[in-house]
>>> print(open('protein14.txt').read())   # compact mmCIF, C-alpha atoms
# COMPACT_ATOMS: atom_id res chain seq x y z
CA MET A 1 1.28 -13.03 19.60
CA ASN A 2 -0.03 -13.54 16.10
CA VAL A 3 0.90 -11.68 12.90
CA VAL A 4 -0.71 -12.36 9.53
CA ILE A 5 -0.06 -10.59 6.21
CA THR A 6 -2.38 -11.64 3.44
CA ASP A 7 -3.13 -10.69 -0.14
CA GLN A 8 -6.60 -12.23 0.22
CA PRO A 9 -9.71 -10.45 1.58
CA PHE A 10 -10.24 -11.32 5.25
CA ASP A 11 -13.12 -11.14 7.70
CA PRO A 12 -11.78 -9.61 10.93
CA TRP A 13 -14.56 -11.08 13.06
CA GLN A 14 -13.88 -14.56 11.76
CA GLN A 15 -10.15 -14.12 12.46
CA ILE A 16 -10.95 -13.16 16.05
CA GLN A 17 -13.37 -16.03 16.50
CA THR A 18 -10.94 -18.57 15.07
CA LEU A 19 -8.18 -17.46 17.41
CA GLN A 20 -10.47 -17.32 20.45
CA ILE A 21 -11.79 -20.82 19.82
CA GLY A 22 -8.52 -22.51 19.00
CA GLY A 23 -5.28 -20.76 19.54
CA LEU A 24 -5.44 -18.01 22.10
CA LYS A 25 -2.38 -18.07 24.29
CA GLY A 26 -3.28 -18.80 27.90
CA GLY A 27 -6.62 -20.44 27.21
CA ALA A 28 -10.14 -19.22 26.72
CA ALA A 29 -11.09 -17.96 30.17
CA ASP A 30 -8.24 -15.84 31.49
CA PHE A 31 -9.10 -12.62 29.71
CA GLY A 32 -11.73 -10.11 30.74
CA ALA A 33 -11.18 -7.58 27.98
CA THR A 34 -10.82 -7.67 24.21
CA ALA A 35 -10.05 -4.44 22.35
CA VAL A 36 -10.46 -4.53 18.58
CA PHE A 37 -9.53 -2.01 15.92
CA VAL A 38 -10.53 -2.58 12.30
CA GLY A 39 -9.35 -0.23 9.56
CA THR A 40 -11.34 -0.28 6.32
CA LEU A 41 -10.63 1.24 2.91
CA ARG A 42 -12.64 4.45 2.48
CA ASP A 43 -13.96 5.46 -0.93
CA PHE A 44 -12.61 9.01 -0.56
CA ASN A 45 -9.33 10.69 0.40
CA GLU A 46 -8.16 14.30 0.23
CA GLY A 47 -11.32 15.29 -1.63
CA ASP A 48 -11.10 12.62 -4.34
CA ALA A 49 -13.13 9.49 -4.95
CA VAL A 50 -10.98 6.40 -4.38
CA GLU A 51 -11.79 3.40 -6.57
CA GLY A 52 -9.22 1.03 -5.18
CA MET A 53 -5.84 0.76 -3.58
CA PHE A 54 -2.61 -1.17 -4.03
CA LEU A 55 -0.80 -1.89 -0.78
CA GLU A 56 2.88 -2.71 -1.11
CA HIS A 57 5.01 -4.16 1.69
CA TYR A 58 8.56 -5.37 2.26
CA PRO A 59 8.25 -9.15 2.57
CA GLY A 60 10.26 -10.23 5.60
CA MET A 61 10.85 -6.81 7.10
CA THR A 62 7.15 -6.04 7.49
CA GLU A 63 6.48 -9.30 9.36
CA ARG A 64 9.56 -8.80 11.49
CA TYR A 65 8.51 -5.26 12.41
CA LEU A 66 4.95 -6.32 13.35
CA GLU A 67 6.35 -9.16 15.49
CA LYS A 68 8.71 -6.70 17.16
CA ILE A 69 5.96 -4.26 18.17
CA SER A 70 3.75 -7.16 19.32
CA ALA A 71 6.58 -8.33 21.59
CA GLU A 72 7.13 -4.79 22.84
CA ALA A 73 3.42 -4.42 23.67
CA ALA A 74 3.58 -7.68 25.61
CA ASP A 75 6.49 -6.24 27.61
CA ARG A 76 4.78 -2.94 28.33
CA TRP A 77 1.34 -4.24 29.28
CA GLN A 78 -0.05 -7.35 30.95
CA LEU A 79 -1.58 -9.05 27.92
CA VAL A 80 -3.03 -12.48 27.26
CA ASP A 81 -2.47 -12.35 23.51
CA THR A 82 -2.44 -10.08 20.44
CA LEU A 83 -3.44 -10.44 16.80
CA ILE A 84 -2.45 -8.24 13.87
CA VAL A 85 -3.80 -8.99 10.39
CA HIS A 86 -2.83 -6.72 7.48
CA ARG A 87 -3.91 -6.85 3.85
CA VAL A 88 -1.52 -6.26 0.96
CA GLY A 89 -2.04 -6.19 -2.80
CA GLU A 90 -5.17 -4.95 -4.58
CA LEU A 91 -7.99 -3.70 -2.34
CA ARG A 92 -11.48 -2.36 -3.05
CA PRO A 93 -13.42 0.20 -0.98
CA ALA A 94 -14.98 -1.35 2.14
CA ASP A 95 -12.29 -4.06 2.30
CA PRO A 96 -10.77 -4.41 5.77
CA ILE A 97 -7.11 -3.26 5.61
CA VAL A 98 -5.96 -3.95 9.13
CA LEU A 99 -7.10 -5.70 12.30
CA VAL A 100 -5.48 -5.16 15.68
CA ALA A 101 -6.95 -7.18 18.55
CA VAL A 102 -5.67 -7.33 22.12
CA TRP A 103 -6.78 -9.66 24.89
CA SER A 104 -6.03 -8.85 28.53
CA ALA A 105 -7.40 -9.37 32.02
CA HIS A 106 -8.62 -5.77 32.32
CA ARG A 107 -9.76 -3.10 29.89
CA LYS A 108 -7.06 -0.50 30.44
CA ALA A 109 -4.24 -2.68 29.13
CA ALA A 110 -6.38 -3.81 26.19
CA PHE A 111 -7.32 -0.24 25.18
CA ASP A 112 -3.85 1.21 25.70
CA ALA A 113 -1.96 -1.60 23.98
CA SER A 114 -4.27 -1.70 20.95
CA ARG A 115 -3.98 2.06 20.45
CA TRP A 116 -0.22 1.93 20.83
CA LEU A 117 0.10 -1.01 18.41
CA MET A 118 -2.00 0.75 15.80
CA GLU A 119 0.03 3.96 16.04
CA ALA A 120 3.34 2.05 15.94
CA LEU A 121 2.10 0.17 12.89
CA LYS A 122 1.04 3.32 11.08
CA SER A 123 4.16 5.30 11.80
CA HIS A 124 6.87 2.70 11.10
CA ALA A 125 5.63 -0.57 9.55
CA PRO A 126 6.85 -0.80 5.94
CA PHE A 127 3.61 -0.54 3.98
CA TRP A 128 2.94 1.89 1.10
CA LYS A 129 -0.44 2.81 -0.29
CA LYS A 130 -1.13 3.66 -3.91
CA GLU A 131 -4.61 5.00 -4.48
CA GLN A 132 -6.49 4.29 -7.66
CA LEU A 133 -8.53 7.34 -8.68
CA LYS A 134 -10.69 7.91 -11.74
CA GLU A 135 -7.90 9.99 -13.36
CA GLY A 136 -5.03 7.64 -12.52
CA SER A 137 -3.14 6.59 -9.45
CA ARG A 138 -1.02 8.25 -6.78
CA TRP A 139 1.16 7.16 -3.89
CA VAL A 140 -0.14 8.30 -0.52
CA GLU A 141 2.53 10.55 0.97
CA HIS A 142 1.18 11.22 4.46
CA ASN A 143 -0.78 9.42 7.11
CA THR A 144 -3.95 11.09 8.28
CA PRO A 145 -3.87 12.06 11.96
CA GLY A 146 -5.16 9.39 14.33
CA MET B 1 31.99 -7.45 -1.46
CA GLN B 2 28.52 -8.27 -2.76
CA ILE B 3 25.30 -6.78 -1.48
CA THR B 4 21.65 -6.72 -2.47
CA VAL B 5 19.90 -3.38 -2.98
CA ARG B 6 16.13 -2.99 -3.05
CA LEU B 7 13.83 -0.07 -3.73
CA PHE B 8 10.16 0.08 -2.83
CA ALA B 9 6.97 1.92 -3.79
CA GLY B 10 7.47 5.34 -5.43
CA LEU B 11 11.27 4.95 -5.52
CA ARG B 12 11.00 1.61 -7.29
CA GLU B 13 8.77 3.18 -9.92
CA ARG B 14 10.75 6.39 -10.29
CA TYR B 15 14.11 4.70 -10.82
CA GLY B 16 12.81 1.56 -12.52
CA MET B 17 14.69 -0.69 -10.12
CA ASP B 18 13.29 -3.36 -7.84
CA VAL B 19 16.14 -5.51 -6.62
CA MET B 20 19.73 -5.87 -7.76
CA THR B 21 22.92 -7.55 -6.63
CA VAL B 22 25.94 -5.26 -6.80
CA SER B 23 29.64 -5.51 -6.09
CA VAL B 24 30.82 -2.65 -3.90
CA PRO B 25 34.13 -1.74 -2.26
CA GLY B 26 34.55 -2.43 1.46
CA ASN B 27 34.16 0.31 4.05
CA ILE B 28 31.11 2.04 2.64
CA THR B 29 28.02 3.47 4.28
CA VAL B 30 24.36 3.09 3.42
CA SER B 31 24.20 6.50 1.70
CA GLU B 32 27.28 5.61 -0.38
CA VAL B 33 25.41 2.53 -1.60
CA TRP B 34 22.76 4.86 -3.02
CA SER B 35 25.42 6.93 -4.82
CA LEU B 36 27.01 3.82 -6.32
CA VAL B 37 23.74 2.37 -7.55
CA LEU B 38 22.19 5.64 -8.76
CA PRO B 39 25.17 7.93 -9.40
CA GLU B 40 23.12 10.46 -11.33
CA GLU B 41 20.43 10.81 -8.68
CA PRO B 42 20.77 12.68 -5.40
CA LEU B 43 19.24 10.82 -2.47
CA PRO B 44 15.73 12.35 -2.19
CA ASP B 45 14.53 13.92 1.07
CA ASN B 46 12.71 11.74 3.57
CA VAL B 47 13.97 8.46 2.16
CA LEU B 48 14.18 5.73 4.81
CA ALA B 49 16.87 3.08 4.80
CA ALA B 50 16.93 -0.48 6.09
CA GLN B 51 19.88 -2.81 6.49
CA ASN B 52 19.04 -6.50 6.68
CA MET B 53 15.40 -5.52 7.31
CA GLU B 54 16.09 -3.19 10.25
CA TYR B 55 15.84 0.60 10.08
CA VAL B 56 19.27 2.27 10.02
CA ASP B 57 20.63 5.76 9.47
CA TYR B 58 22.55 6.70 6.34
CA GLU B 59 25.93 6.46 8.06
CA SER B 60 25.57 2.80 8.99
CA ALA B 61 28.52 0.67 7.80
CA VAL B 62 27.69 -1.93 5.16
CA ALA B 63 29.01 -5.50 5.35
CA ASP B 64 29.41 -8.25 2.77
CA GLY B 65 26.12 -9.99 2.02
CA ASP B 66 23.95 -7.18 3.40
CA GLU B 67 20.54 -6.35 2.02
CA ILE B 68 20.14 -2.56 1.81
CA ALA B 69 16.68 -1.13 1.10
CA PHE B 70 15.54 2.41 0.39
CA PHE B 71 11.92 3.49 0.58
CA PRO B 72 9.61 6.49 1.02
CA PRO B 73 7.85 7.31 4.30
CA VAL B 74 5.46 4.52 5.22
CA THR B 75 1.68 4.84 5.01
CA GLY B 76 0.27 1.57 6.28
CA GLY B 77 -2.78 0.78 8.31
CA ALA B 78 -6.10 2.53 7.89
CA SER B 79 -6.50 6.28 7.95
>>> encode(input="protein14.txt", output="structure tokens")
Amino acid sequence: MNVVITDQPFDPWQQIQTLQIGGLKGGAADFGATAVFVGTLRDFNEGDAVEGMFLEHYPGMTERYLEKISAEAADRWQLVDTLIVHRVGELRPADPIVLVAVWSAHRKAAFDASRWLMEALKSHAPFWKKEQLKEGSRWVEHNTPG
Amino acid sequence: MQITVRLFAGLRERYGMDVMTVSVPGNITVSEVWSLVLPEEPLPDNVLAAQNMEYVDYESAVADGDEIAFFPPVTGGAS
């Protein structure tokens, strides 16, 4: 169970590789499935061009919430390990915002747990997006449907 | 008793308040904390509340040393 919040750009594939080589719980050969979701900043939203985004979080509570849902996923499914990485601060279009990766023995648990983690993250984790448009900035009020 | 109150995102900007330590009477609820800190402002719709970094409802009882946070609906992750 790994949770990272960073204000620096990150490469999701490198994060996965680093964990798989070094730190995956249970060792390198006891998983048969890895499900990965990467969310990236689009350059459009609600019909407007998006030039950048500021992502605010609640230091302490955000980490605690992501750890809580990671633990809950581990209770609900048979998992080898999980990784959540989330950007905060100033982002540019094409920057990865979020990575959710799940390792398990079989694909069903990996697919189901990664989807569930992503939806739990989006609906309750304390993050707030402020879009930078050409004409100014605006707080994003609603999540788009999954 | 003393508590810490924090606002985030659009609320922080709208009310010009990030974090403050306030003295409050005992026996108050989370929504009464809002009224004490921002007496002129009704609590906006859809505001979420956290007590010591856990989601709570407005009627939750506040204790000495608590950190109470108010924030708009969350919009994390990638759309």
>>> residues_around(input="protein14.txt", residues="Thr75 in chain B", least_positions_apart="2", cutoff="7 Å", atoms="all atoms listed in the file", output="NGL selection string")
(:A and (122 or 127-129 or 140 or 142-143)) or (:B and (73 or 77))
>>> closest_residue(input="protein14.txt", among="A:Pro9, A:Pro126, A:Gly32, A:Gly22", to="chain B", atoms="all atoms listed in the file")
A:Pro126
>>> interface_residues(input="protein14.txt", of="chain B", to="chain A", cutoff="10 Å", atoms="all atoms listed in the file", output="list in words")
Arg6, Leu7, Phe8, Ala9, Gly10, Leu48, Ala50, Gln51, Asn52, Met53, Glu54, Tyr55, Ala69, Phe71, Pro72, Pro73, Val74, Thr75, Gly76, Gly77, Ala78 and Ser79 of chain B
>>> atom_distance(input="protein14.txt", atom1="CA of Asp95 in chain A", atom2="CA of Val4 in chain A")
16.0 Å
>>> residues_near_point(input="protein14.txt", point="(27.2, 2.5, 3.2)", cutoff="10 Å", atoms="all atoms listed in the file", output="number ranges by chain")
B: 24-36, 51, 57-63, 68
>>> atom_distance(input="protein14.txt", atom1="CA of Val37 in chain B", atom2="CA of Glu67 in chain B")
13.3 Å
>>> closest_residue(input="protein14.txt", among="B:Phe70, B:Ser23, B:Thr4, B:Glu13", to="Asp45 in chain B", atoms="all atoms listed in the file")
B:Phe70
>>> closest_residue(input="protein14.txt", among="A:Asp112, A:Thr34, A:Glu90, A:Glu72", to="Gln17 in chain A", atoms="only C-alpha atoms")
A:Thr34
